[in-house]
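Below: target05.cif (mmCIF, C-alpha atoms and all ligand atoms)
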```
data_run
loop_
_atom_site.label_atom_id
_atom_site.label_comp_id
_atom_site.auth_asym_id
_atom_site.auth_seq_id
_atom_site.Cartn_x
_atom_site.Cartn_y
_atom_site.Cartn_z
CA VAL A 1 27.11 -15.26 9.46
CA CYS A 2 23.84 -13.67 10.38
CA SER A 3 24.29 -10.41 12.17
CA CYS A 4 20.67 -9.98 13.20
CA SER A 5 20.68 -9.20 16.90
CA SER A 6 17.60 -11.30 17.56
CA PRO A 7 15.86 -12.37 14.41
CA LYS A 8 12.12 -12.49 14.78
CA TYR A 9 10.21 -14.79 12.48
CA PHE A 10 6.58 -14.50 11.63
CA THR A 11 4.33 -17.01 10.01
CA PHE A 12 0.63 -17.25 10.56
CA ALA A 13 -0.15 -20.77 9.46
CA HIS A 14 -3.76 -20.57 10.62
CA MET A 15 -4.34 -17.67 8.26
CA THR A 16 -2.63 -19.15 5.25
CA LYS A 17 -5.09 -22.00 4.85
CA LYS A 18 -7.99 -19.77 4.06
CA MET A 19 -6.92 -18.64 0.64
CA SER A 20 -6.55 -22.01 -1.05
CA SER A 21 -10.06 -23.05 -0.06
CA ASN A 22 -11.74 -19.79 -1.03
CA PHE A 23 -9.56 -18.85 -3.96
CA GLN A 24 -11.52 -17.88 -7.06
CA ARG A 25 -15.01 -18.66 -5.77
CA ARG A 26 -16.78 -15.46 -4.77
CA LYS A 27 -16.96 -12.24 -6.76
CA ILE A 28 -17.38 -9.68 -3.99
CA ARG A 29 -15.19 -10.10 -0.98
CA VAL A 30 -15.37 -8.49 2.42
CA VAL A 31 -12.58 -8.09 4.94
CA ASP A 32 -13.87 -7.14 8.37
CA VAL A 33 -11.23 -5.15 10.17
CA GLN A 34 -11.85 -5.76 13.88
CA LEU A 35 -10.90 -2.69 15.85
CA GLY A 36 -13.60 -2.58 18.54
CA HIS A 37 -15.75 0.51 18.10
CA ARG A 38 -13.56 1.53 15.15
CA SER A 39 -14.25 -1.72 13.23
CA TYR A 40 -15.09 -1.39 9.55
CA SER A 41 -15.38 -3.38 6.33
CA ILE A 42 -13.22 -3.41 3.22
CA LYS A 43 -15.30 -4.50 0.23
CA VAL A 44 -13.57 -5.71 -2.93
CA GLY A 45 -15.37 -6.39 -6.20
CA ALA A 46 -16.39 -5.16 -9.63
CA GLY A 47 -18.96 -2.35 -9.86
CA LEU A 48 -18.89 -1.25 -6.22
CA LEU A 49 -18.72 2.44 -7.10
CA SER A 50 -22.36 2.39 -8.22
CA ARG A 51 -23.27 1.10 -4.75
CA LEU A 52 -21.47 3.93 -2.93
CA GLY A 53 -24.68 5.76 -1.97
CA LYS A 54 -26.40 2.65 -0.65
CA GLU A 55 -23.34 1.60 1.30
CA CYS A 56 -23.08 5.04 2.91
CA ALA A 57 -26.80 5.07 3.70
CA GLY A 58 -26.25 1.78 5.53
CA LEU A 59 -23.80 3.54 7.84
CA GLY A 60 -26.38 6.12 8.92
CA PHE A 61 -24.48 9.25 7.88
CA GLU A 62 -25.99 12.76 7.73
CA LYS A 63 -26.90 14.15 4.30
CA SER A 64 -24.09 16.57 3.54
CA CYS A 65 -20.79 15.12 2.37
CA ALA A 66 -17.76 15.89 0.24
CA ILE A 67 -15.94 13.82 -2.34
CA ILE A 68 -12.24 14.64 -2.55
CA SER A 69 -10.68 13.40 -5.78
CA ASP A 70 -7.88 14.31 -8.18
CA SER A 71 -7.75 15.74 -11.69
CA ASN A 72 -7.23 12.31 -13.30
CA VAL A 73 -9.79 10.34 -11.33
CA ALA A 74 -12.61 12.91 -11.02
CA PRO A 75 -13.31 13.16 -14.79
CA LEU A 76 -13.52 9.36 -14.93
CA TYR A 77 -15.50 8.47 -11.83
CA ALA A 78 -16.85 11.48 -9.91
CA ALA A 79 -20.11 11.71 -11.88
CA GLN A 80 -20.95 8.09 -11.07
CA ALA A 81 -20.08 8.61 -7.41
CA MET A 82 -22.14 11.82 -7.18
CA GLU A 83 -25.13 10.17 -8.87
CA SER A 84 -25.03 7.19 -6.56
CA LEU A 85 -24.88 9.47 -3.51
CA ASN A 86 -27.69 11.71 -4.83
CA LEU A 87 -29.92 8.68 -5.46
CA ALA A 88 -29.40 7.61 -1.85
CA GLY A 89 -30.52 11.06 -0.64
CA PHE A 90 -27.12 12.61 0.07
CA ASN A 91 -26.02 16.11 -0.82
CA PRO A 92 -22.43 15.78 -2.04
CA VAL A 93 -19.94 18.45 -3.10
CA LEU A 94 -16.95 17.57 -5.26
CA VAL A 95 -13.50 18.91 -4.41
CA THR A 96 -10.85 18.16 -7.05
CA VAL A 97 -7.13 18.56 -6.40
CA PRO A 98 -4.36 18.35 -9.01
CA ALA A 99 -3.20 14.75 -9.55
CA GLY A 100 0.17 13.82 -8.09
CA GLU A 101 2.21 13.64 -4.90
CA LYS A 102 2.54 17.46 -4.75
CA SER A 103 -1.09 17.69 -3.67
CA LYS A 104 -0.23 15.91 -0.41
CA CYS A 105 0.64 19.22 1.28
CA TRP A 106 -0.58 21.68 3.91
CA GLU A 107 -1.81 24.20 1.35
CA MET A 108 -4.10 21.57 -0.16
CA VAL A 109 -5.40 20.54 3.28
CA GLN A 110 -6.36 24.13 3.91
CA ALA A 111 -7.95 24.55 0.48
CA CYS A 112 -10.05 21.41 1.09
CA HIS A 113 -11.09 22.63 4.56
CA GLU A 114 -12.24 25.95 3.09
CA GLN A 115 -14.25 24.22 0.36
CA ILE A 116 -16.04 21.85 2.69
CA ALA A 117 -16.74 24.59 5.22
CA LYS A 118 -18.31 26.60 2.40
CA HIS A 119 -20.52 23.62 1.66
CA ARG A 120 -21.47 23.60 5.37
CA LEU A 121 -20.22 20.18 6.28
CA GLU A 122 -20.95 19.57 9.95
CA ARG A 123 -19.80 17.28 12.72
CA LYS A 124 -21.97 14.39 11.45
CA SER A 125 -21.11 14.94 7.78
CA PHE A 126 -18.59 12.71 6.04
CA ILE A 127 -15.78 12.83 3.51
CA ILE A 128 -15.15 10.38 0.69
CA ALA A 129 -11.68 9.89 -0.79
CA LEU A 130 -12.08 8.91 -4.45
CA GLY A 131 -8.66 8.01 -5.87
CA GLY A 132 -5.30 6.46 -5.10
CA GLY A 133 -3.00 6.74 -2.10
CA VAL A 134 -2.39 10.46 -2.55
CA VAL A 135 -6.07 11.32 -2.37
CA GLY A 136 -6.61 8.77 0.42
CA ASP A 137 -3.84 10.21 2.61
CA LEU A 138 -4.89 13.81 1.91
CA ALA A 139 -8.67 13.36 2.27
CA GLY A 140 -8.15 11.16 5.33
CA PHE A 141 -6.10 13.90 6.98
CA VAL A 142 -8.68 16.52 6.02
CA ALA A 143 -11.34 14.30 7.64
CA ALA A 144 -9.19 13.69 10.73
CA THR A 145 -8.75 17.40 11.33
CA TYR A 146 -11.96 19.09 10.15
CA LEU A 147 -14.09 19.83 13.23
CA ARG A 148 -11.65 17.62 15.19
CA GLY A 149 -12.59 14.64 13.04
CA VAL A 150 -15.45 13.67 10.76
CA ASP A 151 -16.26 10.27 9.25
CA PHE A 152 -14.30 9.10 6.28
CA VAL A 153 -14.94 6.60 3.45
CA GLN A 154 -12.30 5.49 0.96
CA VAL A 155 -13.02 4.49 -2.62
CA ALA A 156 -9.61 3.16 -3.65
CA THR A 157 -8.89 3.38 -7.39
CA THR A 158 -5.25 2.25 -7.62
CA LEU A 159 -3.94 -1.23 -6.86
CA LEU A 160 -1.53 0.30 -4.34
CA ALA A 161 -4.40 2.00 -2.51
CA GLN A 162 -6.49 -1.18 -2.58
CA VAL A 163 -3.80 -3.40 -1.03
CA ASP A 164 -1.78 -0.95 1.03
CA SER A 165 -2.60 2.70 1.72
CA SER A 166 -6.32 2.19 2.45
CA VAL A 167 -5.53 -0.27 5.26
CA GLY A 168 -4.06 0.74 8.59
CA GLY A 169 -5.56 4.16 9.24
CA LYS A 170 -2.44 6.23 8.56
CA VAL A 171 -3.32 9.54 6.92
CA GLY A 172 -1.21 12.62 6.36
CA VAL A 173 0.71 14.98 4.14
CA ASN A 174 4.30 15.81 3.20
CA LEU A 175 6.48 18.70 4.31
CA ARG A 176 9.29 20.21 2.28
CA ALA A 177 11.58 18.52 4.82
CA GLY A 178 10.30 15.07 3.92
CA LYS A 179 7.46 12.71 3.10
CA ASN A 180 4.58 11.92 5.46
CA LEU A 181 5.96 14.08 8.28
CA VAL A 182 2.54 15.37 9.36
CA GLY A 183 -0.29 12.97 9.96
CA ALA A 184 -2.75 11.17 12.15
CA PHE A 185 -4.40 7.81 12.66
CA HIS A 186 -7.95 8.04 11.36
CA GLN A 187 -9.71 4.77 10.51
CA PRO A 188 -12.23 4.88 7.66
CA ARG A 189 -15.83 3.77 8.25
CA LEU A 190 -15.74 1.83 4.99
CA VAL A 191 -13.35 1.04 2.14
CA LEU A 192 -14.66 0.20 -1.33
CA SER A 193 -12.21 -1.25 -3.84
CA ASP A 194 -13.97 -1.30 -7.19
CA LEU A 195 -11.97 -3.53 -9.54
CA GLU A 196 -13.54 -1.90 -12.59
CA THR A 197 -11.77 1.36 -11.82
CA LEU A 198 -8.42 -0.39 -12.33
CA ALA A 199 -9.21 -0.70 -16.05
CA THR A 200 -8.24 2.95 -16.59
CA LEU A 201 -5.18 2.88 -14.33
CA PRO A 202 -1.98 3.20 -16.40
CA MET A 203 -0.35 -0.24 -16.68
CA ARG A 204 2.85 1.10 -15.14
CA GLU A 205 0.94 2.16 -12.00
CA PHE A 206 -0.80 -1.21 -11.90
CA ARG A 207 2.50 -3.10 -12.04
CA ALA A 208 3.90 -0.83 -9.33
CA GLY A 209 1.03 -1.84 -7.05
CA MET A 210 1.84 -5.47 -7.80
CA ALA A 211 5.23 -4.99 -6.11
CA GLU A 212 3.42 -4.53 -2.77
CA VAL A 213 1.24 -7.58 -3.50
CA ILE A 214 4.31 -9.75 -4.07
CA LYS A 215 5.82 -8.32 -0.87
CA TYR A 216 2.94 -9.73 1.22
CA GLY A 217 3.65 -13.17 -0.19
CA ILE A 218 7.36 -12.96 0.60
CA VAL A 219 7.10 -11.63 4.15
CA PHE A 220 3.96 -13.37 5.33
CA ASP A 221 2.28 -15.95 3.17
CA ALA A 222 4.00 -18.63 1.08
CA GLU A 223 0.61 -19.81 -0.15
CA LEU A 224 -0.16 -16.35 -1.54
CA PHE A 225 3.26 -16.34 -3.21
CA ASN A 226 2.44 -19.69 -4.87
CA GLN A 227 -0.91 -18.37 -6.04
CA LEU A 228 0.79 -15.32 -7.53
CA GLU A 229 3.22 -17.56 -9.40
CA GLN A 230 0.32 -19.57 -10.78
CA SER A 231 -1.91 -16.65 -11.73
CA MET A 232 0.32 -13.69 -12.58
CA ALA A 233 -0.90 -13.71 -16.20
CA LYS A 234 -4.53 -13.59 -15.06
CA LEU A 235 -3.73 -10.81 -12.62
CA LEU A 236 -2.05 -8.69 -15.28
CA ASP A 237 -5.18 -9.31 -17.36
CA GLN A 238 -7.20 -8.06 -14.38
CA ASP A 239 -9.34 -11.18 -14.14
CA THR A 240 -11.97 -10.11 -11.63
CA ARG A 241 -12.19 -13.19 -9.42
CA THR A 242 -8.45 -13.68 -9.19
CA MET A 243 -7.93 -9.99 -8.45
CA ALA A 244 -10.63 -9.94 -5.78
CA ALA A 245 -9.15 -12.98 -4.01
CA VAL A 246 -5.63 -11.59 -4.06
CA ILE A 247 -6.61 -8.08 -2.93
CA GLU A 248 -8.72 -9.54 -0.13
CA ARG A 249 -5.78 -11.61 1.05
CA CYS A 250 -3.43 -8.61 1.00
CA CYS A 251 -5.89 -6.55 3.06
CA GLU A 252 -6.22 -9.39 5.58
CA ILE A 253 -2.46 -9.60 5.90
CA LYS A 254 -1.91 -5.87 6.29
CA ALA A 255 -4.77 -5.58 8.79
CA ALA A 256 -3.44 -8.54 10.81
CA VAL A 257 0.10 -7.16 10.88
CA VAL A 258 -0.95 -3.61 11.75
CA TRP A 259 -3.34 -4.83 14.44
CA GLN A 260 -0.73 -7.13 15.95
CA ASP A 261 1.67 -4.21 16.02
CA GLU A 262 -0.63 -2.23 18.31
CA THR A 263 -0.09 -4.87 20.99
CA GLU A 264 3.27 -6.52 20.27
CA SER A 265 5.10 -3.56 18.81
CA GLY A 266 7.53 -4.09 15.99
CA ILE A 267 6.03 -6.55 13.55
CA ARG A 268 4.78 -3.74 11.29
CA ALA A 269 8.42 -3.41 10.25
CA ILE A 270 8.12 -6.53 8.06
CA LEU A 271 5.98 -4.46 5.68
CA ASN A 272 9.16 -2.50 4.97
CA PHE A 273 10.77 -5.44 3.16
CA GLY A 274 12.66 -4.01 0.19
CA HIS A 275 11.90 -0.48 1.32
CA THR A 276 15.30 0.47 2.77
CA ILE A 277 17.06 0.21 -0.58
CA GLY A 278 13.83 1.23 -2.36
CA HIS A 279 13.55 4.51 -0.45
CA GLY A 280 17.25 5.10 -1.10
CA LEU A 281 16.73 4.63 -4.83
CA GLU A 282 13.73 6.96 -4.80
CA ALA A 283 15.80 9.58 -2.97
CA ILE A 284 18.82 9.49 -5.28
CA SER A 285 16.74 9.45 -8.44
CA SER A 286 15.31 12.72 -7.04
CA TYR A 287 11.79 11.41 -6.57
CA GLY A 288 10.73 10.76 -10.11
CA ASN A 289 12.74 8.25 -12.07
CA TYR A 290 11.14 5.33 -10.31
CA LEU A 291 7.61 4.82 -9.14
CA HIS A 292 7.61 3.66 -5.52
CA GLY A 293 6.61 0.14 -6.57
CA GLU A 294 9.46 -0.07 -9.08
CA ALA A 295 12.02 1.07 -6.51
CA ILE A 296 10.84 -1.48 -3.95
CA ALA A 297 10.85 -4.26 -6.56
CA ILE A 298 14.59 -3.63 -6.99
CA GLY A 299 14.90 -3.28 -3.21
CA GLN A 300 13.14 -6.58 -2.56
CA VAL A 301 15.35 -8.51 -4.96
CA ALA A 302 18.40 -6.95 -3.27
CA ALA A 303 16.99 -7.80 0.18
CA ALA A 304 16.45 -11.38 -1.02
CA ARG A 305 20.11 -11.54 -2.11
CA LEU A 306 21.18 -10.29 1.32
CA SER A 307 18.88 -12.91 2.85
CA GLU A 308 20.61 -15.60 0.83
CA LYS A 309 23.95 -14.52 2.29
CA LEU A 310 22.86 -13.79 5.86
CA LEU A 311 19.86 -15.99 6.62
CA GLY A 312 20.37 -18.90 4.25
CA LEU A 313 17.44 -18.16 1.95
CA PRO A 314 17.72 -21.08 -0.51
CA GLU A 315 18.99 -20.12 -3.96
CA GLU A 316 15.95 -21.72 -5.55
CA GLU A 317 13.64 -19.40 -3.57
CA MET A 318 15.82 -16.41 -4.41
CA ASN A 319 15.37 -17.26 -8.09
CA ARG A 320 11.61 -17.64 -7.70
CA ILE A 321 11.40 -14.20 -6.07
CA GLU A 322 13.37 -12.55 -8.86
CA ALA A 323 11.38 -14.39 -11.55
CA LEU A 324 8.03 -13.32 -10.09
CA PHE A 325 8.97 -9.63 -10.16
CA GLN A 326 10.17 -10.07 -13.72
CA ARG A 327 6.93 -11.73 -14.75
CA ALA A 328 5.03 -8.80 -13.23
CA GLY A 329 7.04 -6.55 -15.57
CA LEU A 330 8.91 -4.88 -12.72
CA PRO A 331 12.59 -3.91 -12.69
CA THR A 332 14.86 -6.13 -10.56
CA GLN A 333 18.20 -4.41 -11.00
CA VAL A 334 19.69 -0.99 -11.42
CA GLN A 335 22.76 0.49 -13.12
CA LEU A 336 24.68 2.57 -10.59
CA ASN A 337 28.12 4.09 -10.95
CA GLU A 338 30.48 4.42 -7.98
CA GLY A 339 29.24 7.88 -7.06
CA GLN A 340 25.60 6.84 -7.20
CA GLN A 341 26.36 3.82 -5.01
CA GLN A 342 27.83 6.13 -2.37
CA ASP A 343 24.81 8.43 -2.64
CA LEU A 344 22.51 5.45 -2.17
CA ILE A 345 24.33 4.33 1.00
CA ALA A 346 24.14 7.89 2.31
CA ALA A 347 20.42 8.09 1.50
CA MET A 348 19.79 4.79 3.31
CA GLN A 349 21.69 6.09 6.35
CA ASN A 350 19.32 9.05 6.35
CA ASP A 351 16.28 6.78 6.35
CA LYS A 352 14.62 6.21 9.71
CA LYS A 353 15.66 2.64 10.42
CA VAL A 354 19.30 3.28 11.23
CA SER A 355 20.92 2.60 14.59
CA ALA A 356 24.57 3.13 15.46
CA GLY A 357 25.49 3.71 11.84
CA ALA A 358 24.34 0.32 10.58
CA VAL A 359 21.34 0.19 8.28
CA LYS A 360 18.62 -2.16 9.57
CA PHE A 361 17.01 -4.53 7.12
CA VAL A 362 14.00 -6.78 6.93
CA LEU A 363 15.18 -10.11 5.55
CA THR A 364 13.63 -13.47 4.77
CA ALA A 365 14.94 -16.94 5.61
CA SER A 366 12.31 -18.54 3.39
CA ILE A 367 9.35 -17.32 1.36
CA GLY A 368 6.49 -16.50 3.76
CA LYS A 369 8.73 -15.66 6.73
CA ALA A 370 10.34 -12.35 7.58
CA SER A 371 12.74 -11.21 10.25
CA PHE A 372 13.36 -7.59 11.05
CA GLY A 373 16.01 -5.53 12.75
CA CYS A 374 18.80 -7.24 10.80
CA GLN A 375 22.04 -5.28 10.76
CA VAL A 376 23.77 -5.49 7.42
CA PRO A 377 27.33 -4.21 7.02
CA ASN A 378 27.65 -1.42 4.46
CA GLU A 379 30.24 -3.39 2.47
CA LEU A 380 27.74 -6.18 1.95
CA VAL A 381 25.06 -3.76 0.75
CA VAL A 382 27.59 -2.31 -1.67
CA SER A 383 28.69 -5.70 -3.00
CA THR A 384 25.07 -6.81 -3.38
CA LEU A 385 24.34 -3.63 -5.24
CA SER A 386 27.31 -4.02 -7.53
CA ARG A 387 25.98 -7.46 -8.26
CA LEU A 388 22.73 -5.75 -9.08
CA ARG A 389 24.68 -3.61 -11.49
CA GLY A 390 23.93 -5.34 -14.75
CA THR A 391 25.32 -8.74 -13.74
CA ALA A 392 22.12 -10.24 -12.28
N1 LIG B 401 -1.39 5.66 4.34
C1 LIG B 401 -0.63 4.62 4.12
O1 LIG B 401 -0.54 3.71 4.94
C2 LIG B 401 0.16 4.56 2.85
C3 LIG B 401 0.78 3.35 2.46
C4 LIG B 401 1.44 3.33 1.24
C5 LIG B 401 1.49 4.45 0.43
N2 LIG B 401 0.89 5.60 0.85
C6 LIG B 401 0.92 6.82 0.01
O2 LIG B 401 0.21 6.54 -1.19
C7 LIG B 401 0.67 7.43 -2.20
C8 LIG B 401 0.83 6.68 -3.49
O3 LIG B 401 -0.42 6.16 -3.88
P1 LIG B 401 -0.74 5.74 -5.39
O4 LIG B 401 0.36 4.91 -5.90
O5 LIG B 401 -2.12 5.24 -5.41
O6 LIG B 401 -0.58 7.14 -6.15
P2 LIG B 401 -1.63 8.21 -6.71
O7 LIG B 401 -2.76 8.39 -5.80
O8 LIG B 401 -0.84 9.41 -7.06
O9 LIG B 401 -2.16 7.52 -8.05
C9 LIG B 401 -1.24 7.28 -9.10
C10 LIG B 401 -1.69 7.95 -10.39
O10 LIG B 401 -2.81 7.25 -10.94
C11 LIG B 401 -3.91 8.15 -11.16
N3 LIG B 401 -5.10 7.33 -10.94
C12 LIG B 401 -5.57 6.86 -9.77
N4 LIG B 401 -6.58 6.02 -9.97
C13 LIG B 401 -6.78 5.96 -11.31
C14 LIG B 401 -7.69 5.25 -12.13
N5 LIG B 401 -8.55 4.36 -11.62
N6 LIG B 401 -7.62 5.43 -13.47
C15 LIG B 401 -6.70 6.28 -14.00
N7 LIG B 401 -5.81 6.97 -13.27
C16 LIG B 401 -5.85 6.80 -11.93
C17 LIG B 401 -3.68 9.26 -10.20
O11 LIG B 401 -4.32 10.44 -10.61
C18 LIG B 401 -2.16 9.38 -10.22
O12 LIG B 401 -1.77 10.11 -11.34
C19 LIG B 401 1.95 8.06 -1.68
O13 LIG B 401 1.72 9.38 -1.31
C20 LIG B 401 2.28 7.23 -0.44
O14 LIG B 401 2.94 7.97 0.56
C21 LIG B 401 0.23 5.67 2.03
ZN ZN B 402 5.60 0.56 -0.15
#
```
If you convert what's in this file into structure tokens, what do you get?
Ligand SMILES: NC(=O)c1ccc[n+]([C@@H]2O[C@H](COP(=O)([O-])OP(=O)(O)OC[C@H]3O[C@@H](n4cnc5c(N)ncnc54)[C@H](O)[C@@H]3O)[C@@H](O)[C@H]2O)c1
Ligand SMILES: [Zn+2]
Amino acid sequence: VCSCSSPKYFTFAHMTKKMSSNFQRRKIRVVDVQLGHRSYSIKVGAGLLSRLGKECAGLGFEKSCAIISDSNVAPLYAAQAMESLNLAGFNPVLVTVPAGEKSKCWEMVQACHEQIAKHRLERKSFIIALGGGVVGDLAGFVAATYLRGVDFVQVATTLLAQVDSSVGGKVGVNLRAGKNLVGAFHQPRLVLSDLETLATLPMREFRAGMAEVIKYGIVFDAELFNQLEQSMAKLLDQDTRTMAAVIERCCEIKAAVVWQDETESGIRAILNFGHTIGHGLEAISSYGNYLHGEAIAIGQVAAARLSEKLLGLPEEEMNRIEALFQRAGLPTQVQLNEGQQQDLIAAMQNDKKVSAGAVKFVLTASIGKASFGCQVPNELVVSTLSRLRGTA
């Protein structure tokens, strides 16, 4: 019996046709995010970093700017970014923060503000985030708050940043009390996703980003899911055309969902598929055992199992979902003892999406459709999890 109060289904058939016709043709792809005067382009392709200066010149920015990057990415790509900006007549300063989630904090915001003030960035100056989601969220928040907001460009260098964190305009930092508790909406003027930068990304990080890619197929686009099934090997090989097409599609989906949410509140929740259990797993493994993408891969397979029980997701589709995560090299199950299972339930209760004691889930009745606000009894979560425990 489905206990969803009022399941809401979302498919966007008119949008799903586009991919099959365009798949694998063009090398550089552009997603135009239509937000009135805040509209901007996301460009996806190989070698875009060397065009950074030209692209920024096209936006009519003032000369002085700052690149904010991290200690892994800066040694690899900052010189190329600086050179491209210099050639286009800009005067960039490089601010490098330590790599890792810990840099998403107030202290680092302040340190960045001090650095860019020293370099005399002004109201018409701009800030470039060069890195993954951590740098994007931090630099975006620095840009949102410096002089009450300066322009912001993202050069996304992780798969997760290219398909998820660079779209939607959410920027911010963590508090000791929890993740992403301080933030703002600050849309970038431009996003560049240079596929060549993914070549240096550790494979584990790349696979983790793939968990979000698969998510878009499950909650929104059966055609994308099919394409992922057909071309997972090429994607793991980072075939440029296949990657560009898939990343473009993910950006279109996230932009469409986020935009729709501004008017018809609620649909953004479908992007949390697999995240309730995923966040719980991240919390009980004390933020470190699992990368976010690994935790939500397990969470999505569990959510699919719950969907089988509650929404009649066909077994065959359940198996396809599990198989696709496995082919991407992502974990699909977890070994938890009794105590850890209780901790996980408690951690999920602490997550935001709880009402009247019942944890709310995003579920899927069939690949490409999601419904949110589903109440799932704790006992069922526990039994699904114990099924996760080694028995697959
Ligand atoms: N704003 C949003 O809407 C949104 C959405 C999802 C996630 N996020 C945030 O994104 C963050 C996670 O992002 P992430 O997974 O990109 O993590 P990350 O930025 O920490 O990058 C992962 C690791 O890869 C390294 N790296 C990045 N690019 C590289 C490259 N090209 N070559 C070699 N190494 C590289 C980084 O230094 C880091 O060590 C979290 O803080 C999360 O809260 C934000
Ligand atoms: Zn996520």
Show me which residues are within 6 Å of ligand LIG 401 (chain B) counting only C-alpha atoms and all ligand atoms, and format the list as a list in words.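 Every residue with an atom at most 6 Å from ligand LIG 401 (chain B) is listed here: Asp70, Asn72, Val73, Ala99, Gly100, Glu101, Gly131, Gly132, Gly133, Val134, Val135, Asp137, Thr157, Thr158, Leu160, Ala161, Asp164, Ser165, Gly168, Lys170, Val171, Thr197, Leu198, Thr200 and Leu201 of chain A.
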*Residues within 9 Å of ligand ZN 402 (chain B) should be enumerated using all atoms listed in the file and returned as a ChimeraX atom specification.*
/A:160,164-165,209,211-212,215,271-275,278-279,292-293,296
One decimal place gives the CA of Phe225 in chain A-CA of Gly169 in chain A separation as 25.6 Å
Just want the 7 Å neighbourhood of Leu344 in chain A, counted on only C-alpha atoms, with same-chain residues fewer than 2 positions away dropped. Output as a list of chain:residue names. A:Gly280, A:Leu281, A:Ile284, A:Gln340, A:Gln341, A:Gln342, A:Ala346, A:Ala347, A:Met348
Taking (11.4, -7.6, -8.6) in the file's coordinates as the center, which residues reach within 9 Å of it, counting all atoms listed in the file, put as a list in words?
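It turns out the residues near that spot are Ala211, Ile214, Glu294, Ala295, Ile296, Ala297, Ile298, Gly299, Gln300, Val301, Ala302, Ile321, Glu322, Ala323, Leu324, Phe325, Gln326, Arg327, Ala328, Gly329, Leu330, Pro331, Thr332 and Gln333 of chain A.
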Exercise. Rank A:Ile68, A:Leu195, A:Ala111, A:Leu363 by their smallest atom-to-atom distance to Ala245 in chain A, using all atoms listed in the file, and report the top residue only.
Key: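 Counting all atoms listed in the file, the residue closest to Ala245 in chain A is A:Leu195.
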**OP:** For Asp194 in chain A, list every protein, DNA or RNA residue within 8 Å, evaluated using all atoms listed in the file, and leave out those in the same chain fewer than 4 positions away; present the list as a PyMOL selection string.
**Re:** chain A and resi 44-49+155-157+198
- Message: Considering only C-alpha atoms, can you say which of A:Ile128, A:Glu196, A:Gly140, A:Phe152 comes closest to Arg241 in chain A?
- Response: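 Using only C-alpha atoms, Arg241 in chain A sits closest to A:Glu196.
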Shortest interatomic distance to Cys112 in chain A - which of A:Ala233, A:Leu87, A:Val334, A:Val142, counting all atoms listed in the file: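 That would be A:Val142, the residue with the smallest distance to Cys112 in chain A.
Within 12 Å of Met82 in chain A, once all atoms listed in the file are used and residues closer than 6 positions along the same chain are dropped, the contacting residues are Leu49, Ser50, Arg51, Leu52, Gly53, Ser64, Cys65, Ala66, Ile67, Ile68, Ser69, Ala74, Pro75, Leu76, Ala88, Gly89, Phe90, Asn91, Pro92, Val93, Leu94, Val95, Ile128 and Leu130 of chain A.
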Please write out, as JSON, where the centre of an axis-aligned box around all listed atoms of range 119-137 of chain A lies and how long its edges are, in Å to one decimal, after adding 6 Å on each side.
```
{"center_x": -12.2, "center_y": 15.0, "center_z": 3.4, "size_x": 31.6, "size_y": 29.2, "size_z": 30.6}
```
What's the separation between CA of Ser71 in chain A and CA of Glu107 in chain A, in Å to one decimal place?
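Spanning CA of Ser71 in chain A to CA of Glu107 in chain A is a straight-line distance of 16.6 Å.
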Notebook entry, point to check: Counting only C-alpha atoms, what is within 9 Å of Leu138 in chain A, bar same-chain residues fewer than 6 positions away, as a list in words?
Noted result: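 Counting only C-alpha atoms, the residues come to Ile68, Ser103, Lys104, Cys105, Met108, Val109, Ala129, Val171, Gly172 and Val173 of chain A.
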Between A:Leu159, A:Ala81, A:Ile367, A:Leu336, smallest distance to Glu317 in chain A by all atoms listed in the file belongs to A:Ile367
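Proximity ranking of A:Ser39, A:Ser366, A:Gln162, A:Thr276 relative to Val246 in chain A places A:Gln162 first, based on only C-alpha atoms.
Here CA of Lys54 in chain A stands at a distance of 26.3 Å from CA of Arg148 in chain A.
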Residue rebuild result range 365-369 of chain A, N, CA, C and O atoms as a tab-separated table (two decimals), keeping the file's coordinate frame:
```tsv
chain	number	residue	atom	x	y	z
A	365	ALA	N	14.20	-15.68	5.61
A	365	ALA	CA	14.94	-16.94	5.61
A	365	ALA	C	14.29	-17.93	4.65
A	365	ALA	O	14.94	-18.84	4.14
A	366	SER	N	13.00	-17.76	4.42
A	366	SER	CA	12.31	-18.54	3.39
A	366	SER	C	11.04	-17.80	3.03
A	366	SER	O	10.52	-17.01	3.84
A	367	ILE	N	10.54	-18.04	1.83
A	367	ILE	CA	9.35	-17.32	1.36
A	367	ILE	C	8.21	-17.53	2.35
A	367	ILE	O	7.93	-18.65	2.75
A	368	GLY	N	7.59	-16.42	2.79
A	368	GLY	CA	6.49	-16.50	3.76
A	368	GLY	C	6.91	-16.15	5.17
A	368	GLY	O	6.08	-16.02	6.05
A	369	LYS	N	8.21	-15.99	5.39
A	369	LYS	CA	8.73	-15.66	6.73
A	369	LYS	C	9.59	-14.42	6.62
A	369	LYS	O	10.40	-14.31	5.70
```
